[in-house]
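Working notes, structure below.
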Amino acid sequence: MPNTVQLPSEELARRLSADRIERDVPLAPFTTFKIGGPADLMYRARTPRELAEAVSAVREMEVPFFLLGMGANILVGDRGFRGVVIKNEVEEIEFLDDTRVRAGSGVRVYHDLIQATVARGLGGLHHYVGIPSTVGGAIWQNLHFLSPPPERERTMFIEEVVEGASLLTEEGEVREVDRGYFRFGYDYSVLHDRRDVVLDVTFRLEPQPREVLRDVIRENLQWRDDRHPDLWLYPSAGSIFQKIEGVGAGRLIDQCGLKGHVLGNAQIFHKHANIIVNLGGATAADVRALIDLAQTTVQRELGYELRTEIGMIGEF
């Protein structure tokens, strides 16, 4: 392991809960890829206030930090992260009235938030069943999925059920914002361009029969199971590359004959060529090698430039 950077750990302990600060924490277990070296320090924030205080502290001390939710859509380097990982464990769910629910940014959309809302006969979040994401991550990327079967004629975006949110802004203020603040787009929110941190989100949902909601859940899970890896068997980070001019990156990789290709202990998934899976003991170097292979092969044979959409975190 490389030498850790000099961090003001004593000052952090004074400003935060000292018993939540851990040293040399392996990050692989905290990611859906199950890949990644250690973080110098990890702090677990369990309330919106703790999350805001932790982010404010590391910003003021100019300490490198990374905010970690479920660890989906990221690849952590084999040498880990030099700095502080703030683990978002803000997981409170509160029903405000018959149609509105407020959820901490660390709440898992699936299973936790979907189960809680469906149990009350509230629809809107049930479309996103099976997708690994916290509430904060869902807002960051404007989580989306195809509309219910049989039509599947349009994409359902989580922005459609967002009423507002509480943020720690990049200027250091805690403020309430409405849906319009996020300037949602496809795989986009204003959080891509601002260093705001979501503390909690209020959703406005629609009463629907529980049987209807559960039918959609079953059908969406089956649809995903037919195309996506079971994360228990094949840890992965979801889609690796962005779409190109409406063309799926997986189709291009498949055309080049790379579906199922293995390097080290990583594989271009045999069902979906835009997903790389960990066959057991894969390293970040294995994954990066497959990414490079896909990019160079598609560029050479088809003339398209593949760009990654997952975050690359830490030292490789």
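Numbering starts fresh at 1 for the residues of each chain in the structure tokens, the chains themselves are lettered A, B, ... in the order given, and ligands are numbered from 1 as they appear.
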
Exercise. Check stretch 68-195 of chain A with DSSP on the backbone and list each residue it calls helix (DSSP H, G or I), as a ChimeraX atom specification.
Key: /A:109-119,126-128,135-141,158-161,179-182,190-192

Using only C-alpha atoms, find each residue in stretch 34-74 of chain A having at least one atom no more than 12 Å away from stretch 189-203 of chain A; report its shortest atom-to-atom pair and that distance in Å (one decimal), rows by chain then rising number, as CSV.
```
residue,atom,partner,partner_atom,distance
A:Ala45,CA,A:Leu199,CA,10.6
A:Arg46,CA,A:Leu199,CA,10.5
A:Thr47,CA,A:Leu199,CA,8.4
A:Pro48,CA,A:Leu199,CA,5.2
A:Arg49,CA,A:Leu199,CA,8.1
A:Glu50,CA,A:Leu199,CA,9.6
A:Leu51,CA,A:Leu199,CA,7.2
A:Ala52,CA,A:Leu199,CA,7.4
A:Glu53,CA,A:Leu199,CA,11.0
A:Ala54,CA,A:Val197,CA,11.1
A:Val55,CA,A:Val197,CA,8.3
A:Ser56,CA,A:Val197,CA,10.2
A:Arg59,CA,A:Arg195,CA,10.6
A:Phe66,CA,A:Val197,CA,11.3
A:Leu67,CA,A:Val197,CA,8.8
A:Leu68,CA,A:Val197,CA,11.4
A:Gly69,CA,A:Val198,CA,11.4
```

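The smallest atom-to-atom distance between A:Leu113 and any of A:Gln242, A:Thr134, A:Gln222, A:Thr32, using only C-alpha atoms, is found for A:Thr134.
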
Exercise. For A:Leu263, please output as a count of residues only all residues within 8 Å (counting only C-alpha atoms; exclusion window: fewer than 3 positions along the same chain).
Key: 6

Quiz item: If we count only C-alpha atoms, what is near stretch 143-146 of chain A at a cut-off of 6 Å, once residues fewer than 4 positions away on the same chain are taken out, given as a list of chain:residue names?
Solution: A:Ala138, A:Arg152, A:Arg154, A:Thr155, A:Met156, A:Phe157, A:Ile158

Practice problem: List the neighbours of stretch 14-27 of chain A out to 8 Å using only C-alpha atoms; skip same-chain residues closer than 5 positions along the sequence, and give me the result as a list in words. | Solution: Lys34, Ile35, Gly36, Gly37, Pro38, Ala39, Asp40, Leu41, Met42, Tyr43, Arg44, Ala45, Glu50, Glu53, Ala54, Ala57, Val76 and Gly80 of chain A

Same residues, N, CA, C and O atoms, saved as a PDB file, in the first residue's frame:
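Okay, selection_19.pdb is ready:
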```
ATOM      1  N   LYS A  34     -17.125  -4.580  -6.326  1.00  0.00           N
ATOM      2  CA  LYS A  34     -16.306  -5.326  -5.367  1.00  0.00           C
ATOM      3  C   LYS A  34     -14.820  -5.237  -5.731  1.00  0.00           C
ATOM      4  O   LYS A  34     -14.058  -6.199  -5.640  1.00  0.00           O
ATOM      5  N   ILE A  35     -14.414  -4.034  -6.121  1.00  0.00           N
ATOM      6  CA  ILE A  35     -13.041  -3.756  -6.528  1.00  0.00           C
ATOM      7  C   ILE A  35     -12.618  -2.445  -5.869  1.00  0.00           C
ATOM      8  O   ILE A  35     -13.418  -1.505  -5.788  1.00  0.00           O
ATOM      9  N   GLY A  36     -11.370  -2.370  -5.424  1.00  0.00           N
ATOM     10  CA  GLY A  36     -10.840  -1.102  -4.948  1.00  0.00           C
ATOM     11  C   GLY A  36      -9.971  -1.238  -3.718  1.00  0.00           C
ATOM     12  O   GLY A  36     -10.258  -2.021  -2.808  1.00  0.00           O
ATOM     13  N   GLY A  37      -8.904  -0.460  -3.677  1.00  0.00           N
ATOM     14  CA  GLY A  37      -7.996  -0.452  -2.540  1.00  0.00           C
ATOM     15  C   GLY A  37      -8.528   0.375  -1.388  1.00  0.00           C
ATOM     16  O   GLY A  37      -9.684   0.797  -1.387  1.00  0.00           O
ATOM     17  N   PRO A  38      -7.669   0.636  -0.378  1.00  0.00           N
ATOM     18  CA  PRO A  38      -8.132   1.278   0.862  1.00  0.00           C
ATOM     19  C   PRO A  38      -8.213   2.801   0.772  1.00  0.00           C
ATOM     20  O   PRO A  38      -7.472   3.441   0.030  1.00  0.00           O
ATOM     21  N   ALA A  39      -9.120   3.347   1.568  1.00  0.00           N
ATOM     22  CA  ALA A  39      -9.166   4.793   1.796  1.00  0.00           C
ATOM     23  C   ALA A  39      -8.351   5.112   3.038  1.00  0.00           C
ATOM     24  O   ALA A  39      -8.367   4.348   4.015  1.00  0.00           O
ATOM     25  N   ASP A  40      -7.646   6.234   3.024  1.00  0.00           N
ATOM     26  CA  ASP A  40      -6.883   6.629   4.205  1.00  0.00           C
ATOM     27  C   ASP A  40      -7.803   6.758   5.412  1.00  0.00           C
ATOM     28  O   ASP A  40      -7.519   6.233   6.483  1.00  0.00           O
ATOM     29  N   LEU A  41      -8.911   7.487   5.233  1.00  0.00           N
ATOM     30  CA  LEU A  41      -9.880   7.668   6.306  1.00  0.00           C
ATOM     31  C   LEU A  41     -11.286   7.486   5.744  1.00  0.00           C
ATOM     32  O   LEU A  41     -11.553   7.812   4.583  1.00  0.00           O
ATOM     33  N   MET A  42     -12.193   6.975   6.583  1.00  0.00           N
ATOM     34  CA  MET A  42     -13.616   6.918   6.233  1.00  0.00           C
ATOM     35  C   MET A  42     -14.419   7.469   7.397  1.00  0.00           C
ATOM     36  O   MET A  42     -14.171   7.138   8.563  1.00  0.00           O
ATOM     37  N   TYR A  43     -15.397   8.326   7.068  1.00  0.00           N
ATOM     38  CA  TYR A  43     -16.325   8.865   8.069  1.00  0.00           C
ATOM     39  C   TYR A  43     -17.739   8.505   7.656  1.00  0.00           C
ATOM     40  O   TYR A  43     -18.130   8.700   6.509  1.00  0.00           O
ATOM     41  N   ARG A  44     -18.520   7.988   8.610  1.00  0.00           N
ATOM     42  CA  ARG A  44     -19.901   7.588   8.336  1.00  0.00           C
ATOM     43  C   ARG A  44     -20.849   8.671   8.845  1.00  0.00           C
ATOM     44  O   ARG A  44     -20.935   8.910  10.055  1.00  0.00           O
ATOM     45  N   ALA A  45     -21.566   9.312   7.901  1.00  0.00           N
ATOM     46  CA  ALA A  45     -22.538  10.352   8.249  1.00  0.00           C
ATOM     47  C   ALA A  45     -23.930   9.744   8.251  1.00  0.00           C
ATOM     48  O   ALA A  45     -24.345   9.136   7.260  1.00  0.00           O
ATOM     49  N   GLU A  50     -25.040  15.740  10.016  1.00  0.00           N
ATOM     50  CA  GLU A  50     -23.703  15.152  10.033  1.00  0.00           C
ATOM     51  C   GLU A  50     -23.074  15.165   8.650  1.00  0.00           C
ATOM     52  O   GLU A  50     -21.874  15.428   8.506  1.00  0.00           O
ATOM     53  N   GLU A  53     -22.033  18.745   7.878  1.00  0.00           N
ATOM     54  CA  GLU A  53     -20.869  19.132   8.688  1.00  0.00           C
ATOM     55  C   GLU A  53     -19.599  18.458   8.189  1.00  0.00           C
ATOM     56  O   GLU A  53     -18.525  19.076   8.171  1.00  0.00           O
ATOM     57  N   ALA A  54     -19.707  17.192   7.790  1.00  0.00           N
ATOM     58  CA  ALA A  54     -18.522  16.476   7.318  1.00  0.00           C
ATOM     59  C   ALA A  54     -18.003  17.070   6.018  1.00  0.00           C
ATOM     60  O   ALA A  54     -16.796  17.299   5.861  1.00  0.00           O
ATOM     61  N   ALA A  57     -16.451  20.432   6.669  1.00  0.00           N
ATOM     62  CA  ALA A  57     -15.154  20.334   7.351  1.00  0.00           C
ATOM     63  C   ALA A  57     -14.032  20.015   6.365  1.00  0.00           C
ATOM     64  O   ALA A  57     -12.981  20.673   6.367  1.00  0.00           O
ATOM     65  N   VAL A  76     -13.073   1.975  -8.366  1.00  0.00           N
ATOM     66  CA  VAL A  76     -12.060   2.479  -7.439  1.00  0.00           C
ATOM     67  C   VAL A  76     -10.725   1.824  -7.779  1.00  0.00           C
ATOM     68  O   VAL A  76     -10.634   0.612  -7.978  1.00  0.00           O
ATOM     69  N   GLY A  80      -6.341   2.502  -4.043  1.00  0.00           N
ATOM     70  CA  GLY A  80      -7.231   3.148  -3.088  1.00  0.00           C
ATOM     71  C   GLY A  80      -7.356   4.646  -3.266  1.00  0.00           C
ATOM     72  O   GLY A  80      -7.047   5.206  -4.322  1.00  0.00           O
TER      73      GLY A  80
END
```

Quiz item: Skipping near chain neighbours, those fewer than 3 positions away, what residues fall within 8 Å of A:Val63 using only C-alpha atoms, listed as a ChimeraX atom specification?
Solution: /A:7,58-60,83-84

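Coordinates place atom CA of A:Arg224 at a distance of 25.2 Å from atom CA of A:Ala284.
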
Exercise. Taking the chain letters and numbering used in this document, name the residues of stretch 52-147 of chain A that DSSP puts in strand (DSSP E or B), as a ChimeraX atom specification.
Key: /A:65-68,74-76,80-88,93-95,100-104,108,122-123,134,144-146

Quiz prompt | Nearest-residue call for A:Pro29, choices A:Ile139, A:Met312, A:Met70, A:Ile268, using only C-alpha atoms | solution = A:Met70

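Proximity to A:Gly136 was assessed for A:Glu171, A:Glu91, A:Glu176, A:Asp98 counting only C-alpha atoms; the smallest distance is recorded for A:Glu91.
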
Practice problem: Compare A:Phe316, A:Phe95, A:Phe184, A:Trp232 by their minimum atom-to-atom distance to A:Thr117, counting only C-alpha atoms, and give me the closest one. | Solution: A:Phe95

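The neighbours of A:Ala273 here are the residues that come within 9 Å of it, using only C-alpha atoms and leaving out any residue fewer than 3 positions away in the same chain; they are Ser239, Ala249, Gly250, Arg251, Leu252, Ile253, Asp254, Leu258, Lys259, Gly260, Ile268, Phe269, His270 and Ile276 of chain A.
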
Quiz item: Using only C-alpha atoms, which of the listed residues (A:Arg288, A:His111, A:Lys87, A:Arg183) sits closest to A:Gln141?
Solution: A:Arg183

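For the residues A:Asp112, A:Glu151, A:Asp178, A:Glu309, ranking by smallest atom-to-atom distance to A:Val135 using only C-alpha atoms places A:Asp112 first.
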
Quiz prompt | Point-to-point distance from atom CA of A:Tyr128 to atom CA of A:Gly248, Å rounded to tenths | solution = 20.3 Å

Exercise. State, in Å with one decimal place, the distance from atom CA of A:Thr31 to atom CA of A:Thr308.
Key: 17.5 Å
